[in-house]
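Colleague: Here you go, one structure.
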Amino acid sequence: MLAVRHLHKSIERQPVLKDVSFELRPGMVAGLIGRNGAGKTTLLKTMAGVYEPDAGDVLLEGESVHRRPEIKREIVFLPDNPEALFGYTAEECARLYALVYPRFDRAAFDEMIRRFGLPAHRKIRQLSRGMKMLASISLGIATRASYVLLDEPTNGIDPIAKQQVLSLLVEAVSEGMTLLVASHAMGDLERLSDMILLIRQGEVEIHEMADPSRGEAVKLQVVFDGEPPAAWLASPQVMVLNHVGRVYTLLVSRDDGDAKLEELRRMRPLVLEELPLGLEDLFVWKHGGRSDEDR
Amino acid sequence: MIRIDEKSVLPIYEQIVHRIKELISRGVLQPEEKMPSVRELAARLLVNPNTVAKAYQELERQGVIVSVRGKGVFVAKPASSPGMLQERLARLRADLGRLMVEAHHLGVSREQVTAWVEEEIGRYWRDGDAGGSSSAQID
């Protein structure tokens, strides 16, 4: 188990992580979501030991990543742009990684680059963005490290490369590896994740994929009988996701119990259906809706 | 054969359960046929293997599939799959509902619908027959 305990980290005197704690269970996939600049990359880098925390610790089976550097071999960080590899060919990278990571699986790496048609003898810098990402992730997975932390693995790559990246990640989980994937691609995370970590204002909230809203909100489709109730729709517990004609899609917070839902039921709407609450809904809800400044 | 619809309102695990049942009831997957392993299906669908494993557990709990240690996962024989029966009954009932909506929309009279249903009943059910060949009589 990889345990993050009371992690604090400031970058240029700005607090980015404030008392962050969570655990990654072996074999699971956790998705990390949050606005740009929320601290996703800082969290991944601090977990991998690239950054030193200001306070708190990251523990692998109870041993500190920051006090016992050799533990870092079990935690691989794959950045959104693998600049560190740019000066090397895939072949050179593989030899380098084999020196650092004791379980590096050269045969598996060779199979991956063959499958994706990655040129083994060209510098990573010269490859397309998708190919760069595939090279980086293939290396990361071939380490057979217990934990792989990925920053935006599917960002800015074409649909075919994206499918190839996803297939690498699914295989890694089948091999028993544990993944933490920071991404804005909510559809990818819905396919991949067992758990979602939502980072906001330096704090991390944990959401299980089976019930992302943790019962804190419901998503509803409503058609009102007659005029829509402006006052009810404007109440702070209600968020209008969209309305097309007379059909409203709403998120209703349950922080006051079911009071708002009861009010709605008493209006006897023509249609009142509960919809499953997806990751994008969770994201929009947690960030207070699509206000104009967010667009 | 199985596709994940990202726009579906159903969670992915339920989509897998539903689609496999659908393939079985359409005869695309035959009784005792071998199913893809969790690993294979996860790779094909590009979804978390843990999610596929959960869907398989649910299908096994419902008696739709059986796993044989060391051999793999197989479609259950019909006689041992009461879960499948419930599924098909529910779909049949929903289909009937849709037909009624369509009939109502087309302005077919209640008498006409009843006459059509009676006509079909007369074709397949005799007095005291609950339908099927081996099913018990229902009073």
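Labels for the structure tokens follow display order: chains A, B, ..., residues from 1 in each chain, ligands from 1.
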For chain B, work out the contacting residues on chain A at 12 Å, counting only C-alpha atoms, and write them as a PDB file with N, CA and C atoms, in the first residue's frame.
Modeller:
ATOM      1  N   PRO A  26      -3.188  -1.854  -3.373  1.00  0.00           N
ATOM      2  CA  PRO A  26      -2.515  -2.540  -4.478  1.00  0.00           C
ATOM      3  C   PRO A  26      -3.499  -3.014  -5.541  1.00  0.00           C
ATOM      4  N   GLY A  27      -3.139  -2.824  -6.810  1.00  0.00           N
ATOM      5  CA  GLY A  27      -3.940  -3.323  -7.929  1.00  0.00           C
ATOM      6  C   GLY A  27      -5.060  -2.408  -8.364  1.00  0.00           C
ATOM      7  N   MET A  28      -5.202  -1.268  -7.704  1.00  0.00           N
ATOM      8  CA  MET A  28      -6.293  -0.370  -8.048  1.00  0.00           C
ATOM      9  C   MET A  28      -5.835   0.712  -9.037  1.00  0.00           C
ATOM     10  N   VAL A  29      -6.822   1.382  -9.619  1.00  0.00           N
ATOM     11  CA  VAL A  29      -6.547   2.547 -10.446  1.00  0.00           C
ATOM     12  C   VAL A  29      -7.255   3.735  -9.809  1.00  0.00           C
ATOM     13  N   ALA A  30      -6.491   4.776  -9.499  1.00  0.00           N
ATOM     14  CA  ALA A  30      -7.086   5.996  -8.965  1.00  0.00           C
ATOM     15  C   ALA A  30      -6.945   7.094 -10.012  1.00  0.00           C
ATOM     16  N   GLY A  31      -8.021   7.838 -10.221  1.00  0.00           N
ATOM     17  CA  GLY A  31      -7.976   8.986 -11.122  1.00  0.00           C
ATOM     18  C   GLY A  31      -7.803  10.239 -10.282  1.00  0.00           C
ATOM     19  N   LYS A 162      -4.197   7.323 -28.357  1.00  0.00           N
ATOM     20  CA  LYS A 162      -4.927   7.299 -27.089  1.00  0.00           C
ATOM     21  C   LYS A 162      -5.381   5.890 -26.746  1.00  0.00           C
ATOM     22  N   GLN A 163      -5.933   5.191 -27.744  1.00  0.00           N
ATOM     23  CA  GLN A 163      -6.349   3.803 -27.505  1.00  0.00           C
ATOM     24  C   GLN A 163      -5.160   2.937 -27.121  1.00  0.00           C
ATOM     25  N   GLN A 164      -4.016   3.194 -27.765  1.00  0.00           N
ATOM     26  CA  GLN A 164      -2.821   2.405 -27.445  1.00  0.00           C
ATOM     27  C   GLN A 164      -2.366   2.675 -26.017  1.00  0.00           C
ATOM     28  N   VAL A 165      -2.421   3.952 -25.612  1.00  0.00           N
ATOM     29  CA  VAL A 165      -2.056   4.298 -24.233  1.00  0.00           C
ATOM     30  C   VAL A 165      -2.999   3.592 -23.255  1.00  0.00           C
ATOM     31  N   LEU A 166      -4.310   3.665 -23.540  1.00  0.00           N
ATOM     32  CA  LEU A 166      -5.274   3.023 -22.634  1.00  0.00           C
ATOM     33  C   LEU A 166      -5.025   1.517 -22.555  1.00  0.00           C
ATOM     34  N   SER A 167      -4.696   0.904 -23.702  1.00  0.00           N
ATOM     35  CA  SER A 167      -4.471  -0.543 -23.670  1.00  0.00           C
ATOM     36  C   SER A 167      -3.238  -0.875 -22.833  1.00  0.00           C
ATOM     37  N   LEU A 168      -2.214  -0.011 -22.893  1.00  0.00           N
ATOM     38  CA  LEU A 168      -1.032  -0.221 -22.034  1.00  0.00           C
ATOM     39  C   LEU A 168      -1.415  -0.148 -20.559  1.00  0.00           C
ATOM     40  N   LEU A 169      -2.259   0.819 -20.224  1.00  0.00           N
ATOM     41  CA  LEU A 169      -2.643   0.996 -18.820  1.00  0.00           C
ATOM     42  C   LEU A 169      -3.478  -0.184 -18.326  1.00  0.00           C
ATOM     43  N   VAL A 170      -4.408  -0.655 -19.186  1.00  0.00           N
ATOM     44  CA  VAL A 170      -5.239  -1.801 -18.797  1.00  0.00           C
ATOM     45  C   VAL A 170      -4.363  -3.043 -18.588  1.00  0.00           C
ATOM     46  N   GLU A 171      -3.381  -3.244 -19.478  1.00  0.00           N
ATOM     47  CA  GLU A 171      -2.461  -4.383 -19.313  1.00  0.00           C
ATOM     48  C   GLU A 171      -1.673  -4.273 -18.019  1.00  0.00           C
ATOM     49  N   ALA A 172      -1.249  -3.041 -17.703  1.00  0.00           N
ATOM     50  CA  ALA A 172      -0.467  -2.841 -16.480  1.00  0.00           C
ATOM     51  C   ALA A 172      -1.273  -3.254 -15.254  1.00  0.00           C
ATOM     52  N   VAL A 173      -2.576  -2.916 -15.266  1.00  0.00           N
ATOM     53  CA  VAL A 173      -3.424  -3.294 -14.130  1.00  0.00           C
ATOM     54  C   VAL A 173      -3.588  -4.812 -14.089  1.00  0.00           C
ATOM     55  N   SER A 174      -3.738  -5.441 -15.278  1.00  0.00           N
ATOM     56  CA  SER A 174      -3.825  -6.904 -15.318  1.00  0.00           C
ATOM     57  C   SER A 174      -2.557  -7.546 -14.756  1.00  0.00           C
ATOM     58  N   GLU A 175      -1.425  -6.856 -14.904  1.00  0.00           N
ATOM     59  CA  GLU A 175      -0.155  -7.361 -14.351  1.00  0.00           C
ATOM     60  C   GLU A 175      -0.056  -7.123 -12.848  1.00  0.00           C
ATOM     61  N   GLY A 176      -1.054  -6.441 -12.289  1.00  0.00           N
ATOM     62  CA  GLY A 176      -1.050  -6.221 -10.845  1.00  0.00           C
ATOM     63  C   GLY A 176      -0.445  -4.891 -10.418  1.00  0.00           C
ATOM     64  N   MET A 177      -0.122  -4.020 -11.384  1.00  0.00           N
ATOM     65  CA  MET A 177       0.444  -2.721 -11.030  1.00  0.00           C
ATOM     66  C   MET A 177      -0.671  -1.781 -10.550  1.00  0.00           C
ATOM     67  N   THR A 178      -0.296  -0.812  -9.751  1.00  0.00           N
ATOM     68  CA  THR A 178      -1.250   0.165  -9.222  1.00  0.00           C
ATOM     69  C   THR A 178      -0.996   1.495  -9.927  1.00  0.00           C
ATOM     70  N   LEU A 179      -2.062   2.136 -10.398  1.00  0.00           N
ATOM     71  CA  LEU A 179      -1.900   3.371 -11.172  1.00  0.00           C
ATOM     72  C   LEU A 179      -2.590   4.545 -10.493  1.00  0.00           C
ATOM     73  N   ALA A 185      -9.520  13.997 -18.928  1.00  0.00           N
ATOM     74  CA  ALA A 185     -10.362  13.190 -19.812  1.00  0.00           C
ATOM     75  C   ALA A 185     -11.281  12.331 -18.947  1.00  0.00           C
ATOM     76  N   MET A 186     -12.462  12.870 -18.617  1.00  0.00           N
ATOM     77  CA  MET A 186     -13.353  12.205 -17.672  1.00  0.00           C
ATOM     78  C   MET A 186     -13.820  10.845 -18.196  1.00  0.00           C
ATOM     79  N   GLY A 187     -14.035  10.753 -19.504  1.00  0.00           N
ATOM     80  CA  GLY A 187     -14.459   9.465 -20.082  1.00  0.00           C
ATOM     81  C   GLY A 187     -13.392   8.397 -19.872  1.00  0.00           C
ATOM     82  N   ASP A 188     -12.133   8.750 -20.075  1.00  0.00           N
ATOM     83  CA  ASP A 188     -11.033   7.791 -19.860  1.00  0.00           C
ATOM     84  C   ASP A 188     -11.005   7.355 -18.399  1.00  0.00           C
ATOM     85  N   LEU A 189     -11.151   8.317 -17.498  1.00  0.00           N
ATOM     86  CA  LEU A 189     -11.083   7.983 -16.071  1.00  0.00           C
ATOM     87  C   LEU A 189     -12.274   7.123 -15.641  1.00  0.00           C
ATOM     88  N   GLU A 190     -13.440   7.357 -16.262  1.00  0.00           N
ATOM     89  CA  GLU A 190     -14.591   6.512 -15.923  1.00  0.00           C
ATOM     90  C   GLU A 190     -14.330   5.064 -16.330  1.00  0.00           C
ATOM     91  N   ARG A 191     -13.638   4.877 -17.453  1.00  0.00           N
ATOM     92  CA  ARG A 191     -13.301   3.525 -17.891  1.00  0.00           C
ATOM     93  C   ARG A 191     -12.259   2.875 -16.991  1.00  0.00           C
ATOM     94  N   LEU A 192     -11.336   3.688 -16.504  1.00  0.00           N
ATOM     95  CA  LEU A 192     -10.149   3.131 -15.856  1.00  0.00           C
ATOM     96  C   LEU A 192     -10.233   3.032 -14.342  1.00  0.00           C
ATOM     97  N   SER A 193     -10.967   3.941 -13.703  1.00  0.00           N
ATOM     98  CA  SER A 193     -10.722   4.149 -12.273  1.00  0.00           C
ATOM     99  C   SER A 193     -11.586   3.297 -11.356  1.00  0.00           C
ATOM    100  N   ASP A 194     -11.006   2.938 -10.217  1.00  0.00           N
ATOM    101  CA  ASP A 194     -11.769   2.384  -9.095  1.00  0.00           C
ATOM    102  C   ASP A 194     -12.133   3.500  -8.123  1.00  0.00           C
ATOM    103  N   MET A 195     -11.298   4.537  -8.108  1.00  0.00           N
ATOM    104  CA  MET A 195     -11.448   5.599  -7.122  1.00  0.00           C
ATOM    105  C   MET A 195     -11.027   6.919  -7.769  1.00  0.00           C
ATOM    106  N   MET A 209     -15.610   5.148  -7.321  1.00  0.00           N
ATOM    107  CA  MET A 209     -16.289   5.192  -8.626  1.00  0.00           C
ATOM    108  C   MET A 209     -17.708   4.629  -8.556  1.00  0.00           C
ATOM    109  N   ALA A 210     -17.920   3.664  -7.652  1.00  0.00           N
ATOM    110  CA  ALA A 210     -19.245   3.045  -7.581  1.00  0.00           C
ATOM    111  C   ALA A 210     -20.303   4.064  -7.148  1.00  0.00           C
ATOM    112  N   ASP A 211     -19.885   5.092  -6.431  1.00  0.00           N
ATOM    113  CA  ASP A 211     -20.828   6.121  -5.979  1.00  0.00           C
ATOM    114  C   ASP A 211     -20.086   7.449  -5.893  1.00  0.00           C
ATOM    115  N   PRO A 212     -19.819   8.066  -7.058  1.00  0.00           N
ATOM    116  CA  PRO A 212     -18.948   9.242  -7.065  1.00  0.00           C
ATOM    117  C   PRO A 212     -19.446  10.391  -6.196  1.00  0.00           C
ATOM    118  N   LYS A 219     -28.580  13.568  -9.415  1.00  0.00           N
ATOM    119  CA  LYS A 219     -28.780  14.186 -10.725  1.00  0.00           C
ATOM    120  C   LYS A 219     -30.180  13.814 -11.178  1.00  0.00           C
ATOM    121  N   LEU A 220     -30.926  14.806 -11.629  1.00  0.00           N
ATOM    122  CA  LEU A 220     -32.319  14.573 -11.984  1.00  0.00           C
ATOM    123  C   LEU A 220     -32.646  15.159 -13.349  1.00  0.00           C
ATOM    124  N   GLN A 221     -33.575  14.488 -14.014  1.00  0.00           N
ATOM    125  CA  GLN A 221     -34.179  15.082 -15.199  1.00  0.00           C
ATOM    126  C   GLN A 221     -35.619  15.422 -14.826  1.00  0.00           C
ATOM    127  N   GLU A 273     -36.997  12.035 -13.020  1.00  0.00           N
ATOM    128  CA  GLU A 273     -36.214  10.801 -13.112  1.00  0.00           C
ATOM    129  C   GLU A 273     -34.834  11.043 -12.566  1.00  0.00           C
ATOM    130  N   GLU A 274     -34.339  10.070 -11.815  1.00  0.00           N
ATOM    131  CA  GLU A 274     -32.966  10.185 -11.339  1.00  0.00           C
ATOM    132  C   GLU A 274     -32.022   9.640 -12.408  1.00  0.00           C
ATOM    133  N   LEU A 275     -30.953  10.381 -12.671  1.00  0.00           N
ATOM    134  CA  LEU A 275     -29.948   9.939 -13.628  1.00  0.00           C
ATOM    135  C   LEU A 275     -28.670   9.607 -12.861  1.00  0.00           C
ATOM    136  N   PRO A 276     -27.846   8.684 -13.389  1.00  0.00           N
ATOM    137  CA  PRO A 276     -26.584   8.414 -12.714  1.00  0.00           C
ATOM    138  C   PRO A 276     -25.670   9.634 -12.814  1.00  0.00           C
ATOM    139  N   LEU A 277     -24.971   9.889 -11.726  1.00  0.00           N
ATOM    140  CA  LEU A 277     -24.123  11.072 -11.663  1.00  0.00           C
ATOM    141  C   LEU A 277     -22.715  10.689 -12.130  1.00  0.00           C
ATOM    142  N   GLY A 278     -22.280  11.263 -13.241  1.00  0.00           N
ATOM    143  CA  GLY A 278     -20.974  10.918 -13.814  1.00  0.00           C
ATOM    144  C   GLY A 278     -19.865  11.796 -13.267  1.00  0.00           C
ATOM    145  N   LEU A 279     -18.644  11.492 -13.714  1.00  0.00           N
ATOM    146  CA  LEU A 279     -17.488  12.234 -13.225  1.00  0.00           C
ATOM    147  C   LEU A 279     -17.528  13.697 -13.615  1.00  0.00           C
ATOM    148  N   GLU A 280     -17.997  13.957 -14.847  1.00  0.00           N
ATOM    149  CA  GLU A 280     -18.045  15.348 -15.283  1.00  0.00           C
ATOM    150  C   GLU A 280     -19.027  16.143 -14.424  1.00  0.00           C
TER     151      GLU A 280
END
Colleague: Residues at most 7 Å from region 76-83 of chain A, counting only C-alpha atoms, excluding those fewer than 4 positions away in the same chain, as a ChimeraX atom specification?
Modeller: /A:48,136-137,140,145,147-153
Colleague: Go ahead and save the residues from that selection, with N, CA and C atoms, as a PDB file, in the first residue's frame.
Modeller:
ATOM      1  N   ALA A  48       6.266  10.821  -5.826  1.00  0.00           N
ATOM      2  CA  ALA A  48       7.335  10.044  -6.464  1.00  0.00           C
ATOM      3  C   ALA A  48       8.699  10.396  -5.889  1.00  0.00           C
ATOM      4  N   SER A 136       7.301   6.735 -23.345  1.00  0.00           N
ATOM      5  CA  SER A 136       7.431   7.008 -21.914  1.00  0.00           C
ATOM      6  C   SER A 136       6.627   6.005 -21.084  1.00  0.00           C
ATOM      7  N   ILE A 137       5.378   5.748 -21.511  1.00  0.00           N
ATOM      8  CA  ILE A 137       4.531   4.838 -20.731  1.00  0.00           C
ATOM      9  C   ILE A 137       5.027   3.393 -20.856  1.00  0.00           C
ATOM     10  N   GLY A 140       7.778   3.074 -18.464  1.00  0.00           N
ATOM     11  CA  GLY A 140       7.264   3.083 -17.093  1.00  0.00           C
ATOM     12  C   GLY A 140       6.657   1.747 -16.705  1.00  0.00           C
ATOM     13  N   ALA A 145       7.488  -1.638 -11.726  1.00  0.00           N
ATOM     14  CA  ALA A 145       7.408  -1.015 -10.400  1.00  0.00           C
ATOM     15  C   ALA A 145       5.992  -1.214  -9.870  1.00  0.00           C
ATOM     16  N   TYR A 147       4.036   0.912  -8.330  1.00  0.00           N
ATOM     17  CA  TYR A 147       3.151   2.073  -8.484  1.00  0.00           C
ATOM     18  C   TYR A 147       3.615   2.933  -9.657  1.00  0.00           C
ATOM     19  N   VAL A 148       2.672   3.302 -10.528  1.00  0.00           N
ATOM     20  CA  VAL A 148       2.988   4.182 -11.649  1.00  0.00           C
ATOM     21  C   VAL A 148       2.080   5.408 -11.565  1.00  0.00           C
ATOM     22  N   LEU A 149       2.693   6.576 -11.530  1.00  0.00           N
ATOM     23  CA  LEU A 149       1.958   7.835 -11.420  1.00  0.00           C
ATOM     24  C   LEU A 149       2.042   8.538 -12.764  1.00  0.00           C
ATOM     25  N   LEU A 150       0.898   8.770 -13.403  1.00  0.00           N
ATOM     26  CA  LEU A 150       0.904   9.322 -14.764  1.00  0.00           C
ATOM     27  C   LEU A 150       0.250  10.696 -14.786  1.00  0.00           C
ATOM     28  N   ASP A 151       0.933  11.637 -15.434  1.00  0.00           N
ATOM     29  CA  ASP A 151       0.407  12.993 -15.545  1.00  0.00           C
ATOM     30  C   ASP A 151      -0.136  13.198 -16.959  1.00  0.00           C
ATOM     31  N   GLU A 152      -1.444  13.303 -17.092  1.00  0.00           N
ATOM     32  CA  GLU A 152      -2.097  13.576 -18.379  1.00  0.00           C
ATOM     33  C   GLU A 152      -1.646  12.636 -19.501  1.00  0.00           C
ATOM     34  N   PRO A 153      -1.775  11.321 -19.319  1.00  0.00           N
ATOM     35  CA  PRO A 153      -1.228  10.403 -20.331  1.00  0.00           C
ATOM     36  C   PRO A 153      -1.922  10.473 -21.687  1.00  0.00           C
TER      37      PRO A 153
END
Colleague: Calculate how many Å separate CA of Thr89 (chain A) from CA of Ser138 (chain A), rounding to one decimal.
Modeller: 13.3 Å
Colleague: Running DSSP on the backbone, which parts of chain B land in strand (DSSP E), as a list in words?
Modeller: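 Listing strand (DSSP E) positions across chain B yields Ile65, Val66, Ser67, Val68, Gly72, Val73, Phe74 and Val75 of chain B.
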Colleague: As JSON, numbers by chain, please: the residues near Leu251 (chain A) (cut-off 10 Å, only C-alpha atoms, same-chain neighbours under 2 positions excluded).
Modeller: {"A": [217, 218, 219, 220, 221, 237, 238, 239, 240, 241, 242, 248, 249, 253, 254, 274, 275, 277, 281, 282, 284, 285, 289]}
Colleague: How would the residues just chosen look if you wrote them out with C-alpha atoms as a PDB file, in the first residue's frame?
Modeller:
ATOM      1  CA  ALA A 217     -26.086  14.976  -4.487  1.00  0.00           C
ATOM      2  CA  VAL A 218     -28.496  13.522  -7.019  1.00  0.00           C
ATOM      3  CA  LYS A 219     -28.780  14.186 -10.725  1.00  0.00           C
ATOM      4  CA  LEU A 220     -32.319  14.573 -11.984  1.00  0.00           C
ATOM      5  CA  GLN A 221     -34.179  15.082 -15.199  1.00  0.00           C
ATOM      6  CA  GLN A 237     -28.733  23.455  -3.278  1.00  0.00           C
ATOM      7  CA  VAL A 238     -29.876  23.338  -6.918  1.00  0.00           C
ATOM      8  CA  MET A 239     -27.575  23.513  -9.919  1.00  0.00           C
ATOM      9  CA  VAL A 240     -29.057  23.622 -13.417  1.00  0.00           C
ATOM     10  CA  LEU A 241     -26.702  21.633 -15.664  1.00  0.00           C
ATOM     11  CA  ASN A 242     -28.755  22.495 -18.719  1.00  0.00           C
ATOM     12  CA  TYR A 248     -34.224  20.452 -17.053  1.00  0.00           C
ATOM     13  CA  THR A 249     -31.159  18.475 -16.016  1.00  0.00           C
ATOM     14  CA  SER A 253     -27.340  18.778  -3.194  1.00  0.00           C
ATOM     15  CA  ARG A 254     -28.574  16.771  -0.232  1.00  0.00           C
ATOM     16  CA  GLU A 274     -32.966  10.185 -11.339  1.00  0.00           C
ATOM     17  CA  LEU A 275     -29.948   9.939 -13.628  1.00  0.00           C
ATOM     18  CA  LEU A 277     -24.123  11.072 -11.663  1.00  0.00           C
ATOM     19  CA  ASP A 281     -21.136  16.144 -13.182  1.00  0.00           C
ATOM     20  CA  LEU A 282     -19.087  15.646 -10.030  1.00  0.00           C
ATOM     21  CA  VAL A 284     -18.804  20.702 -12.348  1.00  0.00           C
ATOM     22  CA  TRP A 285     -20.721  20.395  -9.098  1.00  0.00           C
ATOM     23  CA  GLY A 289     -21.008  25.159 -11.852  1.00  0.00           C
TER      24      GLY A 289
END
Colleague: How many Å lie between CA of Glu120 (chain B) and CA of Gln30 (chain B), rounded to one decimal?
Modeller: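 Going from CA of Glu120 (chain B) over to CA of Gln30 (chain B) covers 29.0 Å.
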Colleague: For a quick check of understanding, using only C-alpha atoms, which of A:Ile160, A:Leu134, A:Val16, A:Ile196 has the smallest distance to Glu208 (chain A)?
Modeller: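 The closest residue to Glu208 (chain A) is A:Ile196.
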Colleague: In Å, rounded to a single decimal, give me how far CA of Ala94 (chain A) is from CA of Thr143 (chain A).
Modeller: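 The value is 9.4 Å.
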Colleague: Excluding same-chain residues fewer than 5 positions from Arg5 (chain A), what lies within 8 Å of it counting only C-alpha atoms, as a PyMOL selection string?
Modeller: chain A and resi 19-22+56-59
Colleague: Within 12 Å of Lys77 (chain B), counting only C-alpha atoms, which residues show up once you throw out same-chain ones fewer than 5 positions away? Write them as a PyMOL selection string, please.
Modeller: chain B and resi 24+29-34+63-66+82-85
Colleague: Generate the output file for the selected residues, C-alpha atoms, as a PDB file, in the first residue's frame.
Modeller:
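Okay, again_27.pdb is ready:
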ATOM      1  CA  ILE B  24     -26.834 -14.751 -24.599  1.00  0.00           C
ATOM      2  CA  LEU B  29     -23.215 -16.478 -27.027  1.00  0.00           C
ATOM      3  CA  GLN B  30     -24.344 -20.112 -26.758  1.00  0.00           C
ATOM      4  CA  PRO B  31     -24.807 -22.181 -23.590  1.00  0.00           C
ATOM      5  CA  GLU B  32     -21.522 -23.729 -22.423  1.00  0.00           C
ATOM      6  CA  GLU B  33     -19.536 -21.518 -24.781  1.00  0.00           C
ATOM      7  CA  LYS B  34     -16.269 -20.204 -23.393  1.00  0.00           C
ATOM      8  CA  GLY B  63     -26.332 -17.887 -12.648  1.00  0.00           C
ATOM      9  CA  VAL B  64     -25.696 -16.501 -16.137  1.00  0.00           C
ATOM     10  CA  ILE B  65     -22.104 -17.702 -16.355  1.00  0.00           C
ATOM     11  CA  VAL B  66     -20.083 -20.277 -14.460  1.00  0.00           C
ATOM     12  CA  PRO B  82     -32.836 -18.601 -13.331  1.00  0.00           C
ATOM     13  CA  GLY B  83     -31.234 -15.140 -13.422  1.00  0.00           C
ATOM     14  CA  MET B  84     -31.454 -15.189 -17.196  1.00  0.00           C
ATOM     15  CA  LEU B  85     -35.129 -16.114 -17.027  1.00  0.00           C
TER      16      LEU B  85
END
Colleague: Quick one: residues within 12 Å of region 7-11 of chain A, only C-alpha atoms counted, chain neighbours fewer than 2 positions away excluded, as number ranges by chain?
Modeller: A: 3-5, 13-22, 37-47, 51-59, 66, 202-204
Colleague: Show me, as a list of chain:residue names, the residues that have an atom within 9 Å of Arg3 (chain B) when counting only C-alpha atoms, minus same-chain residues fewer than 5 positions from it.
Modeller: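 Once the adjacent positions are removed, what remains is B:Gln15, B:Ile16, B:Arg19, B:Leu45.
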Colleague: Take the residues from that selection and put them in a file with C-alpha atoms, as a tab-separated table (two decimals), in the first residue's frame.
Modeller:
chain	number	residue	atom	x	y	z
B	15	GLN	CA	-23.33	-2.12	-19.23
B	16	ILE	CA	-21.09	-5.20	-19.36
B	19	ARG	CA	-24.68	-6.62	-22.88
B	45	LEU	CA	-13.01	-2.88	-24.08
Colleague: Write out as a PyMOL selection string all residues of region 50-131 of chain B that backbone DSSP assigns to alpha helix (DSSP H).
Modeller: chain B and resi 50-61+82-105+110-124
Colleague: With C-alpha atoms retained, write the just-selected residues as a tab-separated table (two decimals), in the first residue's frame.
Modeller:
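This went into part.tsv:
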chain	number	residue	atom	x	y	z
B	50	ASN	CA	-11.32	-4.83	-11.79
B	51	THR	CA	-14.58	-3.56	-13.36
B	52	VAL	CA	-14.78	-6.56	-15.71
B	53	ALA	CA	-14.09	-8.90	-12.78
B	54	LYS	CA	-16.93	-7.26	-10.86
B	55	ALA	CA	-19.31	-7.70	-13.82
B	56	TYR	CA	-18.33	-11.39	-14.10
B	57	GLN	CA	-18.92	-11.87	-10.36
B	58	GLU	CA	-22.40	-10.41	-10.73
B	59	LEU	CA	-23.16	-12.58	-13.78
B	60	GLU	CA	-21.99	-15.64	-11.89
B	61	ARG	CA	-24.08	-14.68	-8.86
B	82	PRO	CA	-32.84	-18.60	-13.33
B	83	GLY	CA	-31.23	-15.14	-13.42
B	84	MET	CA	-31.45	-15.19	-17.20
B	85	LEU	CA	-35.13	-16.11	-17.03
B	86	GLN	CA	-35.91	-13.09	-14.84
B	87	GLU	CA	-34.02	-10.91	-17.28
B	88	ARG	CA	-35.99	-12.16	-20.26
B	89	LEU	CA	-39.32	-11.86	-18.46
B	90	ALA	CA	-38.52	-8.25	-17.56
B	91	ARG	CA	-37.63	-7.46	-21.15
B	92	LEU	CA	-40.77	-9.16	-22.44
B	93	ARG	CA	-42.89	-7.06	-20.09
B	94	ALA	CA	-41.13	-3.87	-21.21
B	95	ASP	CA	-41.62	-4.80	-24.88
B	96	LEU	CA	-45.33	-5.22	-24.27
B	97	GLY	CA	-45.42	-1.77	-22.67
B	98	ARG	CA	-43.76	-0.25	-25.73
B	99	LEU	CA	-46.25	-1.93	-28.05
B	100	MET	CA	-49.12	-0.47	-26.01
B	101	VAL	CA	-47.64	3.04	-26.24
B	102	GLU	CA	-47.35	2.65	-29.99
B	103	ALA	CA	-50.92	1.30	-30.31
B	104	HIS	CA	-52.27	4.17	-28.21
B	105	HIS	CA	-50.30	6.70	-30.24
B	110	ARG	CA	-58.98	-0.62	-26.54
B	111	GLU	CA	-61.35	-3.23	-28.05
B	112	GLN	CA	-59.11	-3.73	-31.06
B	113	VAL	CA	-55.98	-4.19	-28.93
B	114	THR	CA	-57.81	-6.66	-26.71
B	115	ALA	CA	-59.05	-8.57	-29.75
B	116	TRP	CA	-55.52	-8.81	-31.15
B	117	VAL	CA	-54.14	-10.04	-27.84
B	118	GLU	CA	-56.94	-12.61	-27.54
B	119	GLU	CA	-56.22	-13.77	-31.09
B	120	GLU	CA	-52.53	-14.35	-30.25
B	121	ILE	CA	-53.43	-16.07	-26.96
B	122	GLY	CA	-55.76	-18.41	-28.83
B	123	ARG	CA	-52.87	-19.36	-31.11
B	124	TYR	CA	-50.50	-20.51	-28.33
